[in-house]
Every structure is written in structure tokens, then in C-alpha cells.
Amino acid sequence: MLAVIIVAGIAFALQGFFSFMQMKHLNNEFIKLRRKGKVAFGRKSGGFHAGAIVMFRIDEDGIIQEGKKLEGVTAFTRFKDLNGFEGRFIGDLTEEDGPQNHRNLRKAIADAALTYRKYQAGELVPETAAPTPLEKRISQTRILRKAV
């Protein structure tokens with residue numbers, strides 16, 4: 001029993017360390033883009049599927065200059081270039097503009113466009129935490145109970 005607790009503790013500590021390293025990588029990539037200009041940021045948590053984060057460096061007119069994406073389920077995922085959006089106006093992007101086989105990446109691209117449009121309109125963009133998979137299931141269960 002003690003061995004199980006020790007292994008679980010080590011696994012928890014390693015997961016925390018790798019998550020810290022991934023967040024450090026995210027911050028470094030954001031800072032690199034931010035030093036070059038404005039950055040639009042979009043995210044879509046994945047739960048049990050691959051989540052996605054996109055960052056677009058934009059000019060003063062909202063034209064995309066450079067894009068980066070982080071997509072995956074593990075803490076070992078790193079940012080990669082997101083090509084094909086250069087020269088486009090970020091406010092016009094929709095889910096359909098993303099790769100068809102990457103649902104959460106498409107949603108993250110749409111989230112970046114929405115965030116940009118809200119910012120341009122002067123709206124406050126709230127910093128909200130995405131619901132966990134457990135919170136989603138509880139919410140679905142409550143909806144089903146009300147429907148019955």
C-alpha cells in the first residue's frame with residue numbers, strides 16, 4: 001500500500017513539473033511574439049482529446065504576420081508554426097478556416113478571432129478557466145435530469 005502511495009506521489013510531482021515546463025515554454029513563445037508586435041490568443045481545452053492554443057502576431061490593422069499553435073494531450077507538446085494565415089485579417093477567421101481534421105484547433109482559431117473582435121469593440125475579455133471534463137459531465141447530467 002505504501003508503494004502505491006509513493007508511486008502516485010512521484011507521478012503527481014512529475015506531472016506538475018512537466019506542466020510547469022510547458023507553461024514556461026508557452027510564456028517564452030508568447031514573449032517572443034509580443035516583442036515583435038500585438039498578439040491575438042485563442043484556446044480550446046480538449047478534456048480527454050487534444051487541446052489547442054493558437055497565437056497570431058498581428059499588425060496595427062489586424063493583419064496576421066505570423067502564427068503559432070500548440071496542440072496535444074501531453075505536457076511534452078511544444079509550439080509549432082501555424083502557416084497559411086499570413087496576410088489575412090484576423091477578425092474574419094472562422095472555424096472553417098482551420099484544418100478539417102483538427103476540431104479543437106479550428107475552435108481555438110475562432111476563439112482568437114472572437115477575442116480580437118471583442119478587444120476592438122472595447123469589450124472586456126474575461127479570463128475564464130475552461131471547465132474540467134468532470135464539470136462538463138456533471139453539467140450534462142443536470143441538463144438530462146431536468147429534461148426527464
# chains A, B, ... in the order shown; residues from 1 in each chain; ligands from 1
call {"tool": "residues_around", "arguments": {"residues": "Arg57 (chain A)", "least_positions_apart": "6", "cutoff": "7 Å", "atoms": "only C-alpha atoms", "output": "PyMOL selection string"}}
result
chain A and resi 33+37-40+64-67
call {"tool": "write_last_selection", "arguments": {"atoms": "C-alpha atoms", "output": "PDB file, in the first residue's frame"}}
result
ATOM      1  CA  LEU A  33       5.860  37.132 -30.430  1.00  0.00           C
ATOM      2  CA  GLY A  37       4.063  43.302 -32.034  1.00  0.00           C
ATOM      3  CA  LYS A  38       0.488  42.629 -30.949  1.00  0.00           C
ATOM      4  CA  VAL A  39      -0.618  39.060 -30.306  1.00  0.00           C
ATOM      5  CA  ALA A  40      -4.088  37.534 -30.579  1.00  0.00           C
ATOM      6  CA  ILE A  64      -1.741  38.278 -39.410  1.00  0.00           C
ATOM      7  CA  GLN A  65       2.035  38.313 -39.721  1.00  0.00           C
ATOM      8  CA  GLU A  66       2.879  35.030 -38.015  1.00  0.00           C
ATOM      9  CA  GLY A  67       1.056  32.150 -36.350  1.00  0.00           C
TER      10      GLY A  67
END
call {"tool": "residues_around", "arguments": {"residues": "region 103-120 of chain A", "least_positions_apart": "3", "cutoff": "9 Å", "atoms": "only C-alpha atoms", "output": "MDAnalysis selection string"}}
result
chainID A and resid 40:46 49:56 62 69:71 90:100 123:125
call {"tool": "select_by_dssp", "arguments": {"residues": "region 37-121 of chain A", "states": "helix (DSSP H, G or I)", "output": "number ranges by chain"}}
result
A: 90-92, 95-97, 103-120
call {"tool": "decode", "arguments": {"residues": "region 50-64 of chain A", "atoms": "all heavy atoms", "output": "PDB file, in the first residue's frame"}}
result
ATOM      1  N   ALA A  50      -7.179  16.108 -27.686  1.00  0.00           N
ATOM      2  CA  ALA A  50      -6.091  17.072 -27.811  1.00  0.00           C
ATOM      3  C   ALA A  50      -6.634  18.493 -27.735  1.00  0.00           C
ATOM      4  O   ALA A  50      -7.499  18.876 -28.517  1.00  0.00           O
ATOM      5  CB  ALA A  50      -5.350  16.865 -29.120  1.00  0.00           C
ATOM      6  N   GLY A  51      -6.143  19.272 -26.793  1.00  0.00           N
ATOM      7  CA  GLY A  51      -6.497  20.676 -26.696  1.00  0.00           C
ATOM      8  C   GLY A  51      -5.648  21.477 -27.665  1.00  0.00           C
ATOM      9  O   GLY A  51      -4.716  20.949 -28.283  1.00  0.00           O
ATOM     10  N   ALA A  52      -5.959  22.766 -27.810  1.00  0.00           N
ATOM     11  CA  ALA A  52      -5.214  23.591 -28.750  1.00  0.00           C
ATOM     12  C   ALA A  52      -5.124  25.024 -28.248  1.00  0.00           C
ATOM     13  O   ALA A  52      -6.056  25.544 -27.634  1.00  0.00           O
ATOM     14  CB  ALA A  52      -5.874  23.564 -30.125  1.00  0.00           C
ATOM     15  N   ILE A  53      -3.983  25.637 -28.532  1.00  0.00           N
ATOM     16  CA  ILE A  53      -3.751  27.048 -28.272  1.00  0.00           C
ATOM     17  C   ILE A  53      -3.146  27.621 -29.542  1.00  0.00           C
ATOM     18  O   ILE A  53      -2.255  27.015 -30.140  1.00  0.00           O
ATOM     19  CB  ILE A  53      -2.778  27.261 -27.090  1.00  0.00           C
ATOM     20  CG1 ILE A  53      -3.375  26.718 -25.799  1.00  0.00           C
ATOM     21  CG2 ILE A  53      -2.411  28.733 -26.938  1.00  0.00           C
ATOM     22  CD1 ILE A  53      -2.413  26.754 -24.614  1.00  0.00           C
ATOM     23  N   VAL A  54      -3.634  28.790 -29.967  1.00  0.00           N
ATOM     24  CA  VAL A  54      -3.054  29.468 -31.116  1.00  0.00           C
ATOM     25  C   VAL A  54      -2.675  30.881 -30.713  1.00  0.00           C
ATOM     26  O   VAL A  54      -3.315  31.499 -29.863  1.00  0.00           O
ATOM     27  CB  VAL A  54      -3.998  29.507 -32.343  1.00  0.00           C
ATOM     28  CG1 VAL A  54      -4.264  28.126 -32.857  1.00  0.00           C
ATOM     29  CG2 VAL A  54      -5.280  30.220 -32.039  1.00  0.00           C
ATOM     30  N   MET A  55      -1.611  31.374 -31.312  1.00  0.00           N
ATOM     31  CA  MET A  55      -1.176  32.750 -31.130  1.00  0.00           C
ATOM     32  C   MET A  55      -0.887  33.315 -32.507  1.00  0.00           C
ATOM     33  O   MET A  55      -0.169  32.686 -33.294  1.00  0.00           O
ATOM     34  CB  MET A  55       0.087  32.828 -30.274  1.00  0.00           C
ATOM     35  CG  MET A  55      -0.108  32.398 -28.844  1.00  0.00           C
ATOM     36  SD  MET A  55       1.331  32.695 -27.787  1.00  0.00           S
ATOM     37  CE  MET A  55       2.536  31.582 -28.461  1.00  0.00           C
ATOM     38  N   PHE A  56      -1.464  34.465 -32.797  1.00  0.00           N
ATOM     39  CA  PHE A  56      -1.217  35.151 -34.057  1.00  0.00           C
ATOM     40  C   PHE A  56      -0.572  36.493 -33.767  1.00  0.00           C
ATOM     41  O   PHE A  56      -1.121  37.291 -33.007  1.00  0.00           O
ATOM     42  CB  PHE A  56      -2.517  35.397 -34.827  1.00  0.00           C
ATOM     43  CG  PHE A  56      -3.176  34.155 -35.353  1.00  0.00           C
ATOM     44  CD1 PHE A  56      -4.364  33.707 -34.811  1.00  0.00           C
ATOM     45  CD2 PHE A  56      -2.603  33.437 -36.392  1.00  0.00           C
ATOM     46  CE1 PHE A  56      -4.986  32.575 -35.299  1.00  0.00           C
ATOM     47  CE2 PHE A  56      -3.217  32.299 -36.888  1.00  0.00           C
ATOM     48  CZ  PHE A  56      -4.408  31.867 -36.348  1.00  0.00           C
ATOM     49  N   ARG A  57       0.581  36.742 -34.385  1.00  0.00           N
ATOM     50  CA  ARG A  57       1.179  38.084 -34.312  1.00  0.00           C
ATOM     51  C   ARG A  57       0.515  38.902 -35.408  1.00  0.00           C
ATOM     52  O   ARG A  57       0.482  38.481 -36.563  1.00  0.00           O
ATOM     53  CB  ARG A  57       2.682  38.041 -34.505  1.00  0.00           C
ATOM     54  CG  ARG A  57       3.324  39.423 -34.404  1.00  0.00           C
ATOM     55  CD  ARG A  57       4.835  39.353 -34.458  1.00  0.00           C
ATOM     56  NE  ARG A  57       5.362  38.704 -35.631  1.00  0.00           N
ATOM     57  CZ  ARG A  57       5.639  39.335 -36.783  1.00  0.00           C
ATOM     58  NH1 ARG A  57       5.415  40.618 -36.911  1.00  0.00           N
ATOM     59  NH2 ARG A  57       6.145  38.668 -37.797  1.00  0.00           N
ATOM     60  N   ILE A  58      -0.047  40.039 -35.010  1.00  0.00           N
ATOM     61  CA  ILE A  58      -0.790  40.865 -35.963  1.00  0.00           C
ATOM     62  C   ILE A  58      -0.201  42.270 -36.012  1.00  0.00           C
ATOM     63  O   ILE A  58       0.468  42.708 -35.070  1.00  0.00           O
ATOM     64  CB  ILE A  58      -2.286  40.937 -35.591  1.00  0.00           C
ATOM     65  CG1 ILE A  58      -2.474  41.452 -34.172  1.00  0.00           C
ATOM     66  CG2 ILE A  58      -2.947  39.582 -35.760  1.00  0.00           C
ATOM     67  CD1 ILE A  58      -3.913  41.642 -33.741  1.00  0.00           C
ATOM     68  N   ASP A  59      -0.449  42.957 -37.126  1.00  0.00           N
ATOM     69  CA  ASP A  59      -0.006  44.347 -37.219  1.00  0.00           C
ATOM     70  C   ASP A  59      -1.102  45.272 -36.681  1.00  0.00           C
ATOM     71  O   ASP A  59      -2.111  44.810 -36.146  1.00  0.00           O
ATOM     72  CB  ASP A  59       0.397  44.698 -38.656  1.00  0.00           C
ATOM     73  CG  ASP A  59      -0.761  44.650 -39.635  1.00  0.00           C
ATOM     74  OD1 ASP A  59      -1.924  44.541 -39.213  1.00  0.00           O
ATOM     75  OD2 ASP A  59      -0.485  44.712 -40.854  1.00  0.00           O
ATOM     76  N   GLU A  60      -0.924  46.568 -36.843  1.00  0.00           N
ATOM     77  CA  GLU A  60      -1.870  47.553 -36.306  1.00  0.00           C
ATOM     78  C   GLU A  60      -3.259  47.445 -36.944  1.00  0.00           C
ATOM     79  O   GLU A  60      -4.245  47.864 -36.355  1.00  0.00           O
ATOM     80  CB  GLU A  60      -1.322  48.967 -36.481  1.00  0.00           C
ATOM     81  CG  GLU A  60      -0.069  49.243 -35.669  1.00  0.00           C
ATOM     82  CD  GLU A  60      -0.305  49.117 -34.172  1.00  0.00           C
ATOM     83  OE1 GLU A  60      -1.360  49.560 -33.680  1.00  0.00           O
ATOM     84  OE2 GLU A  60       0.574  48.577 -33.481  1.00  0.00           O
ATOM     85  N   ASP A  61      -3.331  46.885 -38.148  1.00  0.00           N
ATOM     86  CA  ASP A  61      -4.610  46.766 -38.854  1.00  0.00           C
ATOM     87  C   ASP A  61      -5.277  45.412 -38.651  1.00  0.00           C
ATOM     88  O   ASP A  61      -6.309  45.136 -39.257  1.00  0.00           O
ATOM     89  CB  ASP A  61      -4.402  47.013 -40.351  1.00  0.00           C
ATOM     90  CG  ASP A  61      -3.869  48.404 -40.629  1.00  0.00           C
ATOM     91  OD1 ASP A  61      -4.309  49.353 -39.937  1.00  0.00           O
ATOM     92  OD2 ASP A  61      -3.007  48.547 -41.525  1.00  0.00           O
ATOM     93  N   GLY A  62      -4.685  44.539 -37.846  1.00  0.00           N
ATOM     94  CA  GLY A  62      -5.255  43.219 -37.593  1.00  0.00           C
ATOM     95  C   GLY A  62      -4.891  42.178 -38.640  1.00  0.00           C
ATOM     96  O   GLY A  62      -5.518  41.123 -38.715  1.00  0.00           O
ATOM     97  N   ILE A  63      -3.873  42.466 -39.424  1.00  0.00           N
ATOM     98  CA  ILE A  63      -3.415  41.518 -40.454  1.00  0.00           C
ATOM     99  C   ILE A  63      -2.396  40.573 -39.821  1.00  0.00           C
ATOM    100  O   ILE A  63      -1.442  41.005 -39.182  1.00  0.00           O
ATOM    101  CB  ILE A  63      -2.791  42.255 -41.662  1.00  0.00           C
ATOM    102  CG1 ILE A  63      -3.772  43.282 -42.231  1.00  0.00           C
ATOM    103  CG2 ILE A  63      -2.335  41.260 -42.723  1.00  0.00           C
ATOM    104  CD1 ILE A  63      -5.078  42.702 -42.730  1.00  0.00           C
ATOM    105  N   ILE A  64      -2.606  39.292 -40.022  1.00  0.00           N
ATOM    106  CA  ILE A  64      -1.741  38.278 -39.410  1.00  0.00           C
ATOM    107  C   ILE A  64      -0.373  38.280 -40.076  1.00  0.00           C
ATOM    108  O   ILE A  64      -0.253  38.204 -41.298  1.00  0.00           O
ATOM    109  CB  ILE A  64      -2.397  36.890 -39.514  1.00  0.00           C
ATOM    110  CG1 ILE A  64      -3.715  36.876 -38.735  1.00  0.00           C
ATOM    111  CG2 ILE A  64      -1.441  35.803 -39.010  1.00  0.00           C
ATOM    112  CD1 ILE A  64      -4.535  35.623 -38.929  1.00  0.00           C
TER     113      ILE A  64
END
